[in-house]
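*Asks:* Below you'll find the structure I mean.
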Amino acid sequence: MYPHERSLVARLKDKPFALLGVNSDPKDKALDAIKRENLTWRSWWDGGDTSGPIARQYGVRAWPTIYVLDGKGVIRYKGVRGEKMDEAVDTLLKEMASAK
Amino acid sequence: MRTLKPVRIACTAVLAAALAAPFVLLAADAPAEQFATLKKEYDTAYAAYLTEARAAKNPTPEQRAALTAKSPLPKYSPKFLELGEKLGKDPAAVDALIFTMRIDGRGANGQKAMERLERDHYNSPQMSQIVGMLRSFRTPAADKLLATITEKNTDPGVQGGLLMSKATAAKTTNPAEAEKLFNQIIEKFASAKSATGTTTLGELAKSELAAMKNATNFDIGKVAPDIEGEDLSGVKFKLSDYRGKVVVIDFWGDW
């Protein structure tokens with residue numbers, strides 16, 4: 001999953017787009033992954049395990065879990081991975097561009 | 001010469017233990033103790049197996065097959081079944097039979113255990129431990145056991161547990177029905193113990209209802225509830241800082 005998300009973030013670096021992570025690892029493990037995999041996006045650190053406050057707030061029980069929001073913060077897609085994630089993001093970016 | 005002595009003592013100890021072992025088995029321990037002893041033996045064997053399985057990183061198919069062959073499950077499921085049959089009506093018999101079906105749910109011993117539970121123990125309050133999972137076995141023995149428990153078991157924890165499993169199963173397929181069932185549990189079985197014994201069915205049903213209500217806030221078309229927290233360098237930031245951008249929220253872990 002890292003390579004895909006890395007290329008998505010790189011491809012859209014000049015667009016109104018952000019990938020935000022919620023990380024459920026112990027901090028040292030998360031930092032290690034970020035360094036090792038060269039992850040450029042920001043993550044909330046959710047307390048070190050899968051029962052963290054953000055995962056609980058969002059009722060997340062499986063990892064990875066994906067939400068895609070439009071510019072108004074509305075949830076538009078859930079659980080899209082790989083190419084489906086790219087399609088979802090591109091659709092919303094196009095929608096936003098044509099609304100201007 | 002002197003150095004041999006401890007070795008000899010050790011040998012003697014082993015020999016004594018080996019001689020004593022049959023008597024330990026013959027002694028009529030209380031049923032609960034017999035189950036506990038076998039369970040402990042199994043737990044030790046299973047822990048050793050797990051350690052070995054985890055140590056084998058990226059095993060070849062052959063290695064994986066060899067590892068599977070070492071699993072203690074086939075050795076122990078007949079032992080638990082035998083104990084469950086031997087102990088008659090004692091609650092420890094139910095423990096042993098339930099454990100057999102836990103480790104051999106679709107296997108022959110698991111089916112025999114369920115048949116025995118259906119015949120001799122359908123009215124046991126211990127059935128509350130399994131009513132939640134019986135639905136998922138999908139074998140004739142499991143279906144029959146579930147039907148008999150539903151019809152004949154008089155324990156509130158068991159009947160409440162049945163309702164609970166029905167409600168949980170309906171959560172995604174029929175939320176309105178699930179809500180109705182959770183409310184029924186709160187009305188009729190509020191103080192009945194949960195399957196784990198750590199809480200009551202009423203508390204469980206309430207938290208399920210709250211979670212269902214909360215879940216609708218995360219439906220497609222809803223504004224995502226704001227997230228506030230610190231990033232990995234300890235800097236605070238909020239989801240709402242990103243309004244005006246398309247955002248992917250990715251719950252991830254490096255595992």
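Chain labels follow the order of the structure tokens: the first chain is A, the next B, and so on; residue numbering restarts at 1 in every chain, and ligands are counted from 1 in their shown order.
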Identify every residue of chain A that has at least one atom within 9 Å of any atom of chain B, counting only C-alpha atoms, and report the result as a PyMOL selection string.
*Replies:* chain A and resi 15-25+27+29-31+33+42-46+49-50+54-55+57-60+62-78+85+89+92-93+96
*Asks:* Write down as a ChimeraX atom specification the residues of range 42-99 of chain A whose backbone DSSP state falls under strand (DSSP E or B).
*Replies:* /A:42-45,65-69,74-78
*Asks:* Nearest residue to Ile130 in chain B out of B:Leu163, B:Ala169, B:Glu85, B:Ala195, using only C-alpha atoms?
*Replies:*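 Among the listed residues, B:Ala195 lies closest to Ile130 in chain B.
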*Asks:* Would you mind listing what lies within 12 Å of Gly82 in chain A as a list in words, with only C-alpha atoms counted and same-chain residues fewer than 5 positions away left out?
*Replies:*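 Counting only the stated atoms, we get Met1, Tyr2, Pro3, His4, Glu5, Arg6, Ser7, Leu8, Pro64, Ile66, Glu87, Ala88 and Val89 of chain A.
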